[in-house]
Every structure is written in C-alpha cells, then in structure tokens.
Amino acid sequence: MKTLSIDVRPADSQDALAISETHRLAWQNAYAGLIPHRALTAMIERRGRGWWSKAIRGPATVLVADVAGTIAGYATVGLNRANALPVEGEVYELYMRPEYQGIGLGHMLFGEARRLLKSLKCNGMVVWCLEDSENATRFFRSNGGVDAVEGIEDFDHVRLKKLGFIFK
Ligand SMILES: CC(C)(COP(=O)(O)OP(=O)(O)OC[C@H]1O[C@@H](n2cnc3c(N)ncnc32)[C@H](O)[C@@H]1OP(=O)(O)O)[C@@H](O)C(=O)NCCC(=O)NCCS
C-alpha cells in the first residue's frame, strides 16, 4: 500500500516555480469575473518564479502545503501591516490550487500559519479577503475569525470591499 505524505513546511528556493503556478491557478479561479481581467492578469504576471524566489528569501515567511511533492497551496505570514488594528500578526495570503480545495488542506495550512505567529509571540492576527470571495469568508468565519474591519481595494477603477478577519 502507498502512503500519501502531506507536509506543511517553509518554502525553499526550489519551490518558487511551483508556487508561482499555484498562485496563477488559484488567483484565476478565485478572482476571474470579480477583479477586472486586465488588473488580474497584471497581478498574476508580476509574480513569476523570480518574484517568488525573492519573497521566499524576504521578511515574510512562505509556507507551503506539500502533497507527495506537489505544492497544493501556500500561505504568506508576517507582521500586521495596519497600525490601527490591535493585532501583531497577519496572514497576508492563503491560496490552494483549485483541485486541492475543500479537502481540509487549507485548514491545515492556516493552522500552521497561526501556530507560527504564536511561536513568534505575536498577539492576535488579521487576514484580509474580498467580501465577494464567498468560500474564503465562510472559511475564515468557520475557523473562528470575526470580520471586525473593512476596507476598499481599487482594481482598474472597480472598487471592491475587503473584510479583515481578526483572530485572537
Ligand atoms: C479559502 C481556502 C484557502 C480554503 O482552503 P480549503 O483547503 O479549500 O479549505 P478546507 O478544505 O480546509 O475547508 C473548506 C471547507 O471544506 C470542508 N472540508 C474540510 N475537509 C473536507 C473534506 N475532507 N472533504 C470535503 N470537505 C471538507 C470544511 O468543512 C470547510 O467547510 P466550511 O468552510 O464550511 O467549514 C481555499 O478555498 C482557497 O484557496 N480559496 C481561494 C483563495 C482565497 O479566496 N483565499 C483567501 C484570500 S487570503
């Protein structure tokens, strides 16, 4: 019998290409029809292998969900960027490849991201997502987040509401 290994681990430089592919597929799936096509394409194209290599070496931690050698999703984690919020940590991004969604991997990855912030002595954390991303808002609510703050993002003159979920 074969054992399928699932591992959540910090990314290394060799993961950059696979993360960029995961990013492209997840963003197209999550945002096509929501974010204007031109803005979405530009955001995706900006983040190729080189961008991710740099991100992996940068101040934020990039975690990956590695399923038997395939990068199924990633999370980026670091210090909260919004001074007005009474939390110290932030999960900047959490994205699963579409074919790996809904099977519990996002929960695993998010749990590791939160553990990492706690181990760095961060008190509380925030994660932002678009209000219209229904899967994401449901996911963060069911994982214990409270949508306590909101903001607006402008994508090629289309203004979309974002929600900040706070976790204690
Ligand atoms: C939001 C996201 C990260 C969640 O990850 P995921 O792996 O799909 O989430 P999980 O599988 O852990 O949980 C999702 C749902 O599937 C259910 N689920 C968990 N294990 C399951 C399984 N084995 N089989 C079927 N469903 C399952 C969970 O109960 C959960 O339901 P709930 O939200 O109603 O509680 C992912 O769907 C995603 O990448 N979405 C697009 C990107 C996005 O919007 N990201 C947020 C912006 S930062």
# chains A, B, ... in the order shown; residues from 1 in each chain; ligands from 1
$ closest_atom_pairs --of "chain A" --to "ligand 1" --cutoff "6 Å" --atoms "only C-alpha atoms and all ligand atoms" --output "tab-separated table"
residue	atom	partner	partner_atom_place_in_ligand_line	distance
A:Ala30	CA	ligand 1	41 (C)	5.0
A:Glu93	CA	ligand 1	48 (S)	4.0
A:Leu94	CA	ligand 1	48 (S)	4.5
A:Tyr95	CA	ligand 1	39 (O)	3.5
A:Met96	CA	ligand 1	39 (O)	3.8
A:Gln101	CA	ligand 1	8 (O)	3.4
A:Gly102	CA	ligand 1	11 (O)	3.2
A:Ile103	CA	ligand 1	22 (C)	3.5
A:Gly104	CA	ligand 1	12 (O)	3.2
A:Leu105	CA	ligand 1	7 (O)	4.2
A:Gly106	CA	ligand 1	7 (O)	3.2
A:His107	CA	ligand 1	12 (O)	3.6
A:Trp128	CA	ligand 1	48 (S)	6.0
A:Cys129	CA	ligand 1	47 (C)	4.7
A:Ser133	CA	ligand 1	44 (O)	5.5
A:Asn135	CA	ligand 1	1 (C)	5.5
A:Ala136	CA	ligand 1	1 (C)	3.9
A:Arg138	CA	ligand 1	33 (O)	5.0
A:Phe139	CA	ligand 1	33 (O)	3.8
A:Ser142	CA	ligand 1	35 (O)	4.9
$ write_last_selection --atoms "C-alpha atoms" --output "short mmCIF file (atom, residue, chain, number, x, y, z; two decimals), in the first residue's frame"
data_model
loop_
_atom_site.label_atom_id
_atom_site.label_comp_id
_atom_site.auth_asym_id
_atom_site.auth_seq_id
_atom_site.Cartn_x
_atom_site.Cartn_y
_atom_site.Cartn_z
CA ALA A 30 -10.81 32.87 -7.21
CA GLU A 93 -2.29 35.31 1.67
CA LEU A 94 -3.71 31.80 1.79
CA TYR A 95 -4.35 30.06 -1.52
CA MET A 96 -4.95 26.47 -2.52
CA GLN A 101 -9.70 22.86 -2.24
CA GLY A 102 -12.38 21.56 0.13
CA ILE A 103 -10.45 18.58 1.49
CA GLY A 104 -9.09 20.11 4.66
CA LEU A 105 -5.67 21.27 3.42
CA GLY A 106 -6.48 24.98 3.77
CA HIS A 107 -7.42 24.33 7.39
CA TRP A 128 -7.97 40.17 4.71
CA CYS A 129 -10.15 38.87 1.90
CA SER A 133 -14.95 35.71 -2.11
CA ASN A 135 -15.51 30.45 0.03
CA ALA A 136 -12.86 32.49 1.78
CA ARG A 138 -17.03 31.26 5.03
CA PHE A 139 -13.68 29.57 5.67
CA SER A 142 -15.78 28.83 10.42
#
$ select_by_dssp --residues "chain A" --states "strand (DSSP E)" --output "PyMOL selection string"
chain A and resi 6-10+61-67+70-79+89-96+125-130+146-155+158-167
$ write_last_selection --atoms "C-alpha atoms" --output "PDB file, in the first residue's frame"
ATOM      1  CA  ILE A   6       1.128  15.662   3.380  1.00  0.00           C
ATOM      2  CA  ASP A   7       3.514  18.182   4.818  1.00  0.00           C
ATOM      3  CA  VAL A   8       3.187  21.865   5.711  1.00  0.00           C
ATOM      4  CA  ARG A   9       6.675  23.374   5.660  1.00  0.00           C
ATOM      5  CA  PRO A  10       8.539  26.616   4.966  1.00  0.00           C
ATOM      6  CA  THR A  61       7.511  33.500   5.838  1.00  0.00           C
ATOM      7  CA  VAL A  62       6.169  31.499   2.907  1.00  0.00           C
ATOM      8  CA  LEU A  63       4.624  28.196   3.978  1.00  0.00           C
ATOM      9  CA  VAL A  64       3.599  25.507   1.510  1.00  0.00           C
ATOM     10  CA  ALA A  65       1.281  22.520   1.704  1.00  0.00           C
ATOM     11  CA  ASP A  66       3.297  19.781   0.009  1.00  0.00           C
ATOM     12  CA  VAL A  67       1.258  16.752  -1.046  1.00  0.00           C
ATOM     13  CA  THR A  70       3.181  18.707  -5.332  1.00  0.00           C
ATOM     14  CA  ILE A  71       2.684  22.219  -3.986  1.00  0.00           C
ATOM     15  CA  ALA A  72      -1.063  22.212  -3.278  1.00  0.00           C
ATOM     16  CA  GLY A  73      -1.192  25.659  -1.664  1.00  0.00           C
ATOM     17  CA  TYR A  74       0.767  28.387   0.040  1.00  0.00           C
ATOM     18  CA  ALA A  75       0.422  30.923   2.843  1.00  0.00           C
ATOM     19  CA  THR A  76       2.474  34.056   3.461  1.00  0.00           C
ATOM     20  CA  VAL A  77       2.781  35.147   7.061  1.00  0.00           C
ATOM     21  CA  GLY A  78       4.336  38.068   8.928  1.00  0.00           C
ATOM     22  CA  LEU A  79       3.721  41.204  10.967  1.00  0.00           C
ATOM     23  CA  GLY A  89       0.437  39.153  13.166  1.00  0.00           C
ATOM     24  CA  GLU A  90      -1.037  38.785   9.707  1.00  0.00           C
ATOM     25  CA  VAL A  91      -1.655  36.016   7.228  1.00  0.00           C
ATOM     26  CA  TYR A  92      -1.127  38.026   4.046  1.00  0.00           C
ATOM     27  CA  GLU A  93      -2.288  35.307   1.669  1.00  0.00           C
ATOM     28  CA  LEU A  94      -3.707  31.796   1.793  1.00  0.00           C
ATOM     29  CA  TYR A  95      -4.349  30.063  -1.521  1.00  0.00           C
ATOM     30  CA  MET A  96      -4.951  26.465  -2.519  1.00  0.00           C
ATOM     31  CA  MET A 125      -3.655  38.245  13.859  1.00  0.00           C
ATOM     32  CA  VAL A 126      -5.636  39.519  10.908  1.00  0.00           C
ATOM     33  CA  VAL A 127      -6.356  38.124   7.475  1.00  0.00           C
ATOM     34  CA  TRP A 128      -7.967  40.173   4.706  1.00  0.00           C
ATOM     35  CA  CYS A 129     -10.145  38.869   1.902  1.00  0.00           C
ATOM     36  CA  LEU A 130     -12.596  40.272  -0.593  1.00  0.00           C
ATOM     37  CA  VAL A 146     -14.521  37.817  13.329  1.00  0.00           C
ATOM     38  CA  ASP A 147     -14.875  40.287  10.456  1.00  0.00           C
ATOM     39  CA  ALA A 148     -14.265  43.345  12.563  1.00  0.00           C
ATOM     40  CA  VAL A 149     -12.865  45.762   9.959  1.00  0.00           C
ATOM     41  CA  GLU A 150     -13.388  46.603   6.326  1.00  0.00           C
ATOM     42  CA  GLY A 151     -11.627  48.466   3.569  1.00  0.00           C
ATOM     43  CA  ILE A 152     -11.787  49.157  -0.156  1.00  0.00           C
ATOM     44  CA  GLU A 153      -9.398  47.950  -2.894  1.00  0.00           C
ATOM     45  CA  ASP A 154      -9.345  49.635  -6.280  1.00  0.00           C
ATOM     46  CA  PHE A 155      -8.713  47.379  -9.295  1.00  0.00           C
ATOM     47  CA  VAL A 158     -13.515  48.808  -9.890  1.00  0.00           C
ATOM     48  CA  ARG A 159     -13.773  49.286  -6.140  1.00  0.00           C
ATOM     49  CA  LEU A 160     -14.240  46.086  -4.148  1.00  0.00           C
ATOM     50  CA  LYS A 161     -14.908  45.773  -0.449  1.00  0.00           C
ATOM     51  CA  LYS A 162     -12.468  43.731   1.626  1.00  0.00           C
ATOM     52  CA  LEU A 163     -13.026  42.337   5.110  1.00  0.00           C
ATOM     53  CA  GLY A 164     -10.411  41.998   7.817  1.00  0.00           C
ATOM     54  CA  PHE A 165     -10.967  38.894   9.932  1.00  0.00           C
ATOM     55  CA  ILE A 166      -9.463  39.151  13.402  1.00  0.00           C
ATOM     56  CA  PHE A 167      -8.266  36.052  15.275  1.00  0.00           C
TER      57      PHE A 167
END
$ atom_distance --atom1 "CA of Asp156 in chain A" --atom2 "CA of Leu34 in chain A"
11.8 Å
$ closest_residue --among "A:Arg97, A:Asp15, A:Arg57, A:Thr3" --to "Trp27 in chain A" --atoms "only C-alpha atoms"
A:Arg97
$ select_by_dssp --residues "range 22-155 of chain A" --states "helix (DSSP H, G or I)" --output "ChimeraX atom specification"
/A:22-31,37-46,49-57,98-100,105-119,134-142
$ atom_distance --atom1 "CA of Gly144 in chain A" --atom2 "CA of Glu112 in chain A"
14.8 Å
$ atom_distance --atom1 "CA of Leu120 in chain A" --atom2 "CA of His23 in chain A"
26.0 Å
